[in-house]
Every structure is written in structure tokens, then in C-alpha cells.
Amino acid sequence: MNVDVLLGLQWGDEGKGKIVDVLTRKYDIIARFQGGPNAGHTLEFDGIKHVLHTIPSGIFHNGTKNVIGNGVVIDPVIFSKEIDKLKDFNLNLQESLLISRKAHLILPTHRILDAASEAAKGKDKIGSTLKGIGPTYMDKTGRNGLRVGDVELADFRERYNTLKAKHEQLLSHYDYDYAQDLLQMEEDWFNAIDQLKTMNLIDSEHYLNSALRAGKKILAEGAQGSLLDIDFGSYPFVTSSTTTCAGSCTGLGIAPNRINKVFGIFKAYCTRVGSGPFPTELFDSIGEELRANGHEYGATTGRPRRCGWLDIPALKYAVEINGVTNLIMMKSDVLSGFDIIKICTHYNYQGEIIDHLPYSSEDGLIEPVYTEMPGWKEDLTSLESYEQMPETFKSYIKFVEDQIGVPISILSVGPNRTQTIILEEVVN
């Protein structure tokens, strides 16, 4: 069992990129297993902030292989821009970055379909990032999609034109003008395809299973968060892929019995981008303060994130469906300065007090039931050990652990990779 899985337990933006970067030195391979450029994994070190959208977060470590798995969808244009941004760091990407031939490609018309569909929904829009993710996964499950491996085939352009024609037929049902945009988008796309063809394309399931047989250690990196999962998230306000632990198997071709530890990442409070239920959302000055202190703006879209108190029933739900073995709490430092910190421990669901996430958490159905705890004034960003922590912060940690029943093994007290406190070694 040489595969560990790292994923988000909330609505994304938990800080997965930073922790993957911190843990990478313990692994031979970092493998991204789902999602696309709607993800924004932020890493900060040496005074530089890096945002990765498709490339795994272990890319800055020499000697580590980084695999983009079959469960990922790739926009060649955005991918090409990511590659360009990495050129200043003297990384041997031909050696360290490998791309599954079975990963699906996002076409220009996928992005146009995404925008046209979202515009047509009006006030009922789901908050898409407009990156073409949904339409690409729809073509994947509809058995129409183009895959990375197709770029190596002689009839690739014919396959492209066939799928484009299908999309144009769908677009004819929308009042959406796109013809002029498509010309430029296609030119950029095919230029990016030429660059993609120069990369190291692999049969990823064979590569990863061969690595396992050779005793290599793999960290499977998830994107978005468990509460955005297509099956178990707050449907229909979800993403289009399997963001839970199960997605690491289908998105990499790794058998379930290969999985050892499951690292679940969560913020010490909650955030959400876009539409959808958010039981503990704050609409007052405290919510604004959380947003300001935590710099809560989307790494991919720049949109302000909705903010609220920690939601224990939702967190327990995510821990359960993923089989989380170790918790990692992020952005603890953002809660410094509050006199009182609230934690939602139960819901009043249509007049009944419950401690689990129900089928529907739409507005008006759920009222959070809070426990209040004393806050702390101390700045946590320079802490290096548990012993240095304020007692009130220690109480917060213990309360969350007792509620969830899983230990918090790692704490983040700032954006830099050095601002990380290991409470329990999680990788041998």
C-alpha cells in the first residue's frame, strides 16, 4: 500500500497545494487525479507566490515525478501558459512532468458552451468558472471526447472537427454570439497543442502501477473539495468530477487496496466560491473580517469567497465518505483576534436537531446550532511548535478532534511552506 491520498474536505480552496509541496520530499511521484484548470493550487516559498492550475504541486522539487492523471481535463492554452511561467525556475519538465494519454482535452467550443449555458441560466446559474470543465466531462461520459493521446494520431484534426460540429449544433440553441471569438481561440488552441505534443505523454495507469511494483511512493493530489463532488456534494452546485477518495482510483487507475493514508485538508473556518448552500455563511462584519484576514479571493477566478464559521456536521460527512485517517487544518492564523469563535456542531433541520448533513441543505431548510469558544489574540504566524500555542487555540484543536474523531496531524499558520507545524509525522 504505497499510495496516500490528499484531498479537500470543504468546498475547495482549503490549501491543498501548499501541503502537497510540504510533503513532496517524502514521495517519489505526485499524481493529480481529477479536475482541470478550474483548480488553483497556491504555493508560496522564497518570497514568491505560485498558482498552479493543472500541473501537480510537487513540480518544484527536483527528483520527483509529477503525473497528470487520466481523470484530469486539460485546456492546452492554459497548460501552455503554466509551462511558460515555470521557465524561469530551470525545471526539467520533460523529465519531471508526465501526462496521461487518457486525460481529456478542453476544446475552445467547450468553453463557449460553458459560457452560453451559464448565461442562459440567469439568476439560477451554478457559479461555473467558465473554463469548459462541465461540457468536457459531459463529452467524456457521452463517449464523444478528445483525449491527449489523440494528438498523436493522423486523423486528429478530423476528430476535432467532428466534435466541434457537434458543439456548434448545440450552440445554435442559444442566443450567444461566438463566431469571432472562436477564430482566435482556435488559433491559440492549436499552437498550444503543438507544445503539448512535445511533452512526455504516457500510458499513466501502466506507469503508476509499474512504479508501485518497484516500491515507489505515490501521493495522489485532489482538486476542488469533497462538498463539490458530483455525487456527494451540494448538488447541483457541484463540480463535474469525483473529488472524493474514490476519484483517486478512477482518475489514476490505482486499485483501492493500494491506498494507505487519506489526508483530509480543511480550513479552521469555511469558505465557498460561487452559488450553492452554505449553512454557516456570515453576512456581517465578522464575515468581512475573515475574508480580509484570509485574503479570500479565488486563485483561479479572483472572485471574493463567501466566509463562515467551521461546520462540523459537513466536515464529519466529508471525513466519513473519504475514509480520512489524518486531518490537516489550514489558515488557523486567520482566526487570531476574535473574542469569541463559533463552531457549528448541529443543524436545526426543519425543526429537528441533527448532527449530520441531510439530503438537502438549501437556504431556509437548515439553521446552524453553534458552540461558542473563547478566541485568542496572539499572532500564530511565527509559531514553530505545539508548546508555543495559546491555550485557547489548543482547546480549539482538541474540540475539533473530539467532534470528528480523527487526529489533526498538521497545522498551517501562514501561507509560506515554512509556516507549517507537524504535530504527528504522517509519512514514514
# chains A, B, ... in the order shown; residues from 1 in each chain; ligands from 1
>>> residues_around(residues="stretch 310-318 of chain A", least_positions_apart="4", cutoff="8 Å", atoms="only C-alpha atoms", output="list in words")
Leu9, Gln10, Ser226, Leu227, Lys267, Ala268, Tyr269, Cys270, Pro279, Thr280, Asn322, Lys342, Ile343, Cys344, Thr345, His346, Tyr347, Asp355, His356, Leu357, Val400, Gln403 and Ile404 of chain A
>>> write_last_selection(atoms="C-alpha atoms", output="short mmCIF file (atom, residue, chain, number, x, y, z; two decimals), in the first residue's frame")
data_model
loop_
_atom_site.label_atom_id
_atom_site.label_comp_id
_atom_site.auth_asym_id
_atom_site.auth_seq_id
_atom_site.Cartn_x
_atom_site.Cartn_y
_atom_site.Cartn_z
CA LEU A 9 -12.93 18.34 2.83
CA GLN A 10 -14.89 21.53 2.19
CA SER A 226 -15.43 16.87 -1.20
CA LEU A 227 -18.54 19.03 -0.84
CA LYS A 267 -9.74 25.44 6.90
CA ALA A 268 -10.25 26.45 10.52
CA TYR A 269 -13.35 28.20 9.17
CA CYS A 270 -15.35 27.72 5.95
CA PRO A 279 -25.22 26.87 6.29
CA THR A 280 -22.67 28.82 8.37
CA ASN A 322 -13.38 9.64 2.20
CA LYS A 342 -18.23 29.85 16.95
CA ILE A 343 -18.34 26.27 15.70
CA CYS A 344 -21.45 24.71 14.19
CA THR A 345 -21.95 21.33 15.88
CA HIS A 346 -25.54 20.54 14.84
CA TYR A 347 -28.28 21.69 12.48
CA ASP A 355 -25.71 16.15 13.65
CA HIS A 356 -25.31 15.01 10.05
CA LEU A 357 -25.52 16.55 6.60
CA VAL A 400 -12.43 19.74 16.62
CA GLN A 403 -16.01 16.18 17.41
CA ILE A 404 -14.58 14.50 14.30
#
>>> closest_residue(among="A:Leu219, A:Leu183, A:Leu52, A:Leu228", to="A:Phe278", atoms="only C-alpha atoms")
A:Leu228
>>> closest_atom_pairs(of="stretch 46-157 of chain A", to="stretch 196-215 of chain A", cutoff="9 Å", atoms="only C-alpha atoms", output="Markdown table")
| residue | atom | partner | partner_atom | distance |
| --- | --- | --- | --- | --- |
| A:Val67 | CA | A:Ser204 | CA | 7.7 |
| A:Ile68 | CA | A:Ser204 | CA | 8.3 |
| A:Gly69 | CA | A:Ser204 | CA | 6.5 |
| A:Asn70 | CA | A:Ser204 | CA | 7.2 |
| A:Pro76 | CA | A:Leu196 | CA | 6.8 |
| A:Phe79 | CA | A:Leu196 | CA | 8.4 |
| A:Ser80 | CA | A:Leu196 | CA | 7.6 |
| A:Leu93 | CA | A:Met199 | CA | 8.1 |
| A:Gln94 | CA | A:Asn200 | CA | 5.9 |
| A:Glu95 | CA | A:Asn200 | CA | 7.6 |
| A:Ser96 | CA | A:Asn200 | CA | 8.9 |
| A:Leu97 | CA | A:Asn200 | CA | 6.9 |
| A:Leu98 | CA | A:Asn200 | CA | 5.1 |
| A:Ile99 | CA | A:Leu201 | CA | 4.9 |
| A:Ser100 | CA | A:Ser204 | CA | 4.9 |
| A:Arg101 | CA | A:Ile202 | CA | 5.8 |
| A:Lys102 | CA | A:Asp203 | CA | 7.5 |
| A:Val148 | CA | A:Leu201 | CA | 8.0 |
| A:Gly149 | CA | A:Leu201 | CA | 7.6 |
| A:Val151 | CA | A:Lys197 | CA | 6.9 |
| A:Glu152 | CA | A:Lys197 | CA | 7.3 |
>>> closest_residue(among="A:Glu14, A:Glu82, A:Asp363, A:Asp21", to="A:Gln195", atoms="only C-alpha atoms")
A:Glu82
>>> atom_distance(atom1="atom CA of A:Ala39", atom2="atom CA of A:His104")
15.7 Å
>>> select_by_dssp(residues="stretch 58-199 of chain A", states="alpha helix (DSSP H)", output="ChimeraX atom specification")
/A:76-86,93-96,108-121,133-141,156-171,179-196
>>> atom_distance(atom1="atom CA of A:Asn428", atom2="atom CA of A:Leu23")
11.1 Å
>>> residues_around(residues="A:Ser382", least_positions_apart="3", cutoff="10 Å", atoms="only C-alpha atoms", output="PyMOL selection string")
chain A and resi 333+379+385+388+413-414+418-420
>>> closest_residue(among="A:Ile29, A:Val319, A:Leu365, A:Ala154", to="A:Glu401", atoms="only C-alpha atoms")
A:Val319
>>> atom_distance(atom1="atom CA of A:Thr109", atom2="atom CA of A:Asp155")
19.1 Å
>>> decode(residues="stretch 60-196 of chain A", atoms="C-alpha atoms", output="PDB file, in the first residue's frame")
ATOM      1  CA  PHE A  60       9.287  22.482  -7.751  1.00  0.00           C
ATOM      2  CA  HIS A  61      11.076  19.521  -6.149  1.00  0.00           C
ATOM      3  CA  ASN A  62      13.974  18.033  -8.087  1.00  0.00           C
ATOM      4  CA  GLY A  63      13.845  14.271  -8.462  1.00  0.00           C
ATOM      5  CA  THR A  64      10.074  13.990  -8.017  1.00  0.00           C
ATOM      6  CA  LYS A  65       7.884  12.843 -10.889  1.00  0.00           C
ATOM      7  CA  ASN A  66       4.620  14.725 -11.426  1.00  0.00           C
ATOM      8  CA  VAL A  67       1.813  12.924 -13.256  1.00  0.00           C
ATOM      9  CA  ILE A  68      -1.318  14.499 -14.707  1.00  0.00           C
ATOM     10  CA  GLY A  69      -3.704  11.553 -14.497  1.00  0.00           C
ATOM     11  CA  ASN A  70      -6.428  10.286 -16.795  1.00  0.00           C
ATOM     12  CA  GLY A  71      -9.144  11.823 -14.598  1.00  0.00           C
ATOM     13  CA  VAL A  72      -7.922  15.361 -15.303  1.00  0.00           C
ATOM     14  CA  VAL A  73      -9.244  17.547 -18.126  1.00  0.00           C
ATOM     15  CA  ILE A  74      -6.639  19.762 -19.813  1.00  0.00           C
ATOM     16  CA  ASP A  75      -7.011  23.100 -21.557  1.00  0.00           C
ATOM     17  CA  PRO A  76      -3.901  23.198 -23.774  1.00  0.00           C
ATOM     18  CA  VAL A  77      -3.845  27.020 -23.785  1.00  0.00           C
ATOM     19  CA  ILE A  78      -3.928  27.378 -20.011  1.00  0.00           C
ATOM     20  CA  PHE A  79      -1.459  24.495 -19.694  1.00  0.00           C
ATOM     21  CA  SER A  80       0.915  26.216 -22.123  1.00  0.00           C
ATOM     22  CA  LYS A  81       0.790  29.411 -20.058  1.00  0.00           C
ATOM     23  CA  GLU A  82       1.591  27.411 -16.921  1.00  0.00           C
ATOM     24  CA  ILE A  83       4.601  25.904 -18.642  1.00  0.00           C
ATOM     25  CA  ASP A  84       5.803  29.349 -19.716  1.00  0.00           C
ATOM     26  CA  LYS A  85       5.600  30.663 -16.143  1.00  0.00           C
ATOM     27  CA  LEU A  86       7.834  27.832 -14.950  1.00  0.00           C
ATOM     28  CA  LYS A  87      10.630  28.539 -17.442  1.00  0.00           C
ATOM     29  CA  ASP A  88      12.395  30.957 -15.081  1.00  0.00           C
ATOM     30  CA  PHE A  89      12.914  28.202 -12.495  1.00  0.00           C
ATOM     31  CA  ASN A  90      15.171  25.940 -14.551  1.00  0.00           C
ATOM     32  CA  LEU A  91      12.939  22.901 -14.138  1.00  0.00           C
ATOM     33  CA  ASN A  92      13.480  19.901 -16.388  1.00  0.00           C
ATOM     34  CA  LEU A  93       9.797  19.486 -17.224  1.00  0.00           C
ATOM     35  CA  GLN A  94      10.470  16.938 -19.952  1.00  0.00           C
ATOM     36  CA  GLU A  95      11.875  14.725 -17.209  1.00  0.00           C
ATOM     37  CA  SER A  96       9.660  15.595 -14.220  1.00  0.00           C
ATOM     38  CA  LEU A  97       6.219  16.174 -15.790  1.00  0.00           C
ATOM     39  CA  LEU A  98       4.270  13.296 -17.338  1.00  0.00           C
ATOM     40  CA  ILE A  99       0.809  13.499 -18.901  1.00  0.00           C
ATOM     41  CA  SER A 100      -1.689  10.682 -19.261  1.00  0.00           C
ATOM     42  CA  ARG A 101      -2.749   9.968 -22.823  1.00  0.00           C
ATOM     43  CA  LYS A 102      -6.221   9.237 -21.424  1.00  0.00           C
ATOM     44  CA  ALA A 103      -6.728  12.715 -19.961  1.00  0.00           C
ATOM     45  CA  HIS A 104      -9.425  14.586 -21.879  1.00  0.00           C
ATOM     46  CA  LEU A 105      -8.888  17.837 -23.781  1.00  0.00           C
ATOM     47  CA  ILE A 106     -10.909  21.012 -23.290  1.00  0.00           C
ATOM     48  CA  LEU A 107     -11.770  22.462 -26.699  1.00  0.00           C
ATOM     49  CA  PRO A 108     -12.499  26.155 -27.416  1.00  0.00           C
ATOM     50  CA  THR A 109     -16.128  25.206 -28.056  1.00  0.00           C
ATOM     51  CA  HIS A 110     -16.293  23.560 -24.612  1.00  0.00           C
ATOM     52  CA  ARG A 111     -15.503  26.950 -23.085  1.00  0.00           C
ATOM     53  CA  ILE A 112     -18.070  28.676 -25.291  1.00  0.00           C
ATOM     54  CA  LEU A 113     -20.730  26.105 -24.371  1.00  0.00           C
ATOM     55  CA  ASP A 114     -19.937  26.644 -20.701  1.00  0.00           C
ATOM     56  CA  ALA A 115     -20.373  30.409 -21.026  1.00  0.00           C
ATOM     57  CA  ALA A 116     -23.535  30.147 -23.124  1.00  0.00           C
ATOM     58  CA  SER A 117     -25.150  27.657 -20.759  1.00  0.00           C
ATOM     59  CA  GLU A 118     -24.307  29.692 -17.653  1.00  0.00           C
ATOM     60  CA  ALA A 119     -25.601  32.915 -19.244  1.00  0.00           C
ATOM     61  CA  ALA A 120     -28.868  31.206 -20.165  1.00  0.00           C
ATOM     62  CA  LYS A 121     -29.473  30.184 -16.535  1.00  0.00           C
ATOM     63  CA  GLY A 122     -29.692  33.803 -15.402  1.00  0.00           C
ATOM     64  CA  LYS A 123     -30.275  34.035 -11.658  1.00  0.00           C
ATOM     65  CA  ASP A 124     -30.179  30.228 -11.402  1.00  0.00           C
ATOM     66  CA  LYS A 125     -26.556  29.971 -12.538  1.00  0.00           C
ATOM     67  CA  ILE A 126     -24.403  27.478 -10.620  1.00  0.00           C
ATOM     68  CA  GLY A 127     -21.271  29.631 -10.426  1.00  0.00           C
ATOM     69  CA  SER A 128     -19.202  27.920 -13.115  1.00  0.00           C
ATOM     70  CA  THR A 129     -15.613  29.103 -13.550  1.00  0.00           C
ATOM     71  CA  LEU A 130     -16.375  29.163 -17.316  1.00  0.00           C
ATOM     72  CA  LYS A 131     -13.308  27.054 -18.084  1.00  0.00           C
ATOM     73  CA  GLY A 132     -15.250  24.466 -20.083  1.00  0.00           C
ATOM     74  CA  ILE A 133     -14.915  21.808 -17.391  1.00  0.00           C
ATOM     75  CA  GLY A 134     -18.550  20.682 -17.303  1.00  0.00           C
ATOM     76  CA  PRO A 135     -19.021  20.335 -21.075  1.00  0.00           C
ATOM     77  CA  THR A 136     -15.724  18.418 -21.324  1.00  0.00           C
ATOM     78  CA  TYR A 137     -16.761  15.889 -18.687  1.00  0.00           C
ATOM     79  CA  MET A 138     -20.170  15.628 -20.405  1.00  0.00           C
ATOM     80  CA  ASP A 139     -18.431  14.656 -23.637  1.00  0.00           C
ATOM     81  CA  LYS A 140     -16.264  12.207 -21.697  1.00  0.00           C
ATOM     82  CA  THR A 141     -19.256  10.387 -20.207  1.00  0.00           C
ATOM     83  CA  GLY A 142     -21.136  10.750 -23.514  1.00  0.00           C
ATOM     84  CA  ARG A 143     -18.239   8.978 -25.254  1.00  0.00           C
ATOM     85  CA  ASN A 144     -17.566  11.871 -27.607  1.00  0.00           C
ATOM     86  CA  GLY A 145     -14.461  13.413 -26.054  1.00  0.00           C
ATOM     87  CA  LEU A 146     -10.986  14.051 -27.418  1.00  0.00           C
ATOM     88  CA  ARG A 147      -8.085  12.734 -25.355  1.00  0.00           C
ATOM     89  CA  VAL A 148      -4.451  13.738 -25.115  1.00  0.00           C
ATOM     90  CA  GLY A 149      -3.381  10.573 -26.921  1.00  0.00           C
ATOM     91  CA  ASP A 150      -5.472  11.591 -29.921  1.00  0.00           C
ATOM     92  CA  VAL A 151      -2.991  14.367 -30.742  1.00  0.00           C
ATOM     93  CA  GLU A 152      -0.548  11.632 -31.829  1.00  0.00           C
ATOM     94  CA  LEU A 153      -2.988  10.185 -34.379  1.00  0.00           C
ATOM     95  CA  ALA A 154      -3.026  11.037 -38.091  1.00  0.00           C
ATOM     96  CA  ASP A 155      -6.740  11.924 -38.078  1.00  0.00           C
ATOM     97  CA  PHE A 156      -6.626  14.236 -35.044  1.00  0.00           C
ATOM     98  CA  ARG A 157      -7.853  17.284 -36.985  1.00  0.00           C
ATOM     99  CA  GLU A 158     -10.781  15.271 -38.360  1.00  0.00           C
ATOM    100  CA  ARG A 159     -11.711  14.140 -34.860  1.00  0.00           C
ATOM    101  CA  TYR A 160     -11.507  17.746 -33.679  1.00  0.00           C
ATOM    102  CA  ASN A 161     -13.772  18.993 -36.473  1.00  0.00           C
ATOM    103  CA  THR A 162     -16.356  16.288 -35.774  1.00  0.00           C
ATOM    104  CA  LEU A 163     -16.622  17.275 -32.096  1.00  0.00           C
ATOM    105  CA  LYS A 164     -16.593  20.986 -32.950  1.00  0.00           C
ATOM    106  CA  ALA A 165     -19.530  20.455 -35.340  1.00  0.00           C
ATOM    107  CA  LYS A 166     -21.482  18.736 -32.561  1.00  0.00           C
ATOM    108  CA  HIS A 167     -20.833  21.676 -30.270  1.00  0.00           C
ATOM    109  CA  GLU A 168     -21.873  24.221 -32.902  1.00  0.00           C
ATOM    110  CA  GLN A 169     -25.174  22.388 -33.304  1.00  0.00           C
ATOM    111  CA  LEU A 170     -25.736  22.666 -29.552  1.00  0.00           C
ATOM    112  CA  LEU A 171     -24.767  26.344 -29.583  1.00  0.00           C
ATOM    113  CA  SER A 172     -27.391  27.056 -32.244  1.00  0.00           C
ATOM    114  CA  HIS A 173     -29.994  26.675 -29.487  1.00  0.00           C
ATOM    115  CA  TYR A 174     -28.506  29.597 -27.522  1.00  0.00           C
ATOM    116  CA  ASP A 175     -28.726  33.297 -28.219  1.00  0.00           C
ATOM    117  CA  TYR A 176     -24.976  33.638 -27.971  1.00  0.00           C
ATOM    118  CA  ASP A 177     -22.587  35.263 -30.466  1.00  0.00           C
ATOM    119  CA  TYR A 178     -19.245  33.472 -30.507  1.00  0.00           C
ATOM    120  CA  ALA A 179     -18.026  33.236 -34.134  1.00  0.00           C
ATOM    121  CA  GLN A 180     -15.370  35.949 -33.921  1.00  0.00           C
ATOM    122  CA  ASP A 181     -14.048  34.717 -30.571  1.00  0.00           C
ATOM    123  CA  LEU A 182     -13.764  31.165 -31.849  1.00  0.00           C
ATOM    124  CA  LEU A 183     -11.343  32.070 -34.645  1.00  0.00           C
ATOM    125  CA  GLN A 184      -8.757  33.470 -32.221  1.00  0.00           C
ATOM    126  CA  MET A 185      -9.408  30.759 -29.652  1.00  0.00           C
ATOM    127  CA  GLU A 186      -8.755  28.038 -32.220  1.00  0.00           C
ATOM    128  CA  GLU A 187      -5.503  29.615 -33.355  1.00  0.00           C
ATOM    129  CA  ASP A 188      -4.239  29.756 -29.766  1.00  0.00           C
ATOM    130  CA  TRP A 189      -5.506  26.236 -29.089  1.00  0.00           C
ATOM    131  CA  PHE A 190      -3.713  24.563 -31.985  1.00  0.00           C
ATOM    132  CA  ASN A 191      -0.490  26.410 -31.171  1.00  0.00           C
ATOM    133  CA  ALA A 192      -0.787  25.047 -27.635  1.00  0.00           C
ATOM    134  CA  ILE A 193      -1.484  21.555 -28.993  1.00  0.00           C
ATOM    135  CA  ASP A 194       1.844  21.725 -30.812  1.00  0.00           C
ATOM    136  CA  GLN A 195       3.567  22.388 -27.485  1.00  0.00           C
ATOM    137  CA  LEU A 196       1.594  19.624 -25.752  1.00  0.00           C
TER     138      LEU A 196
END
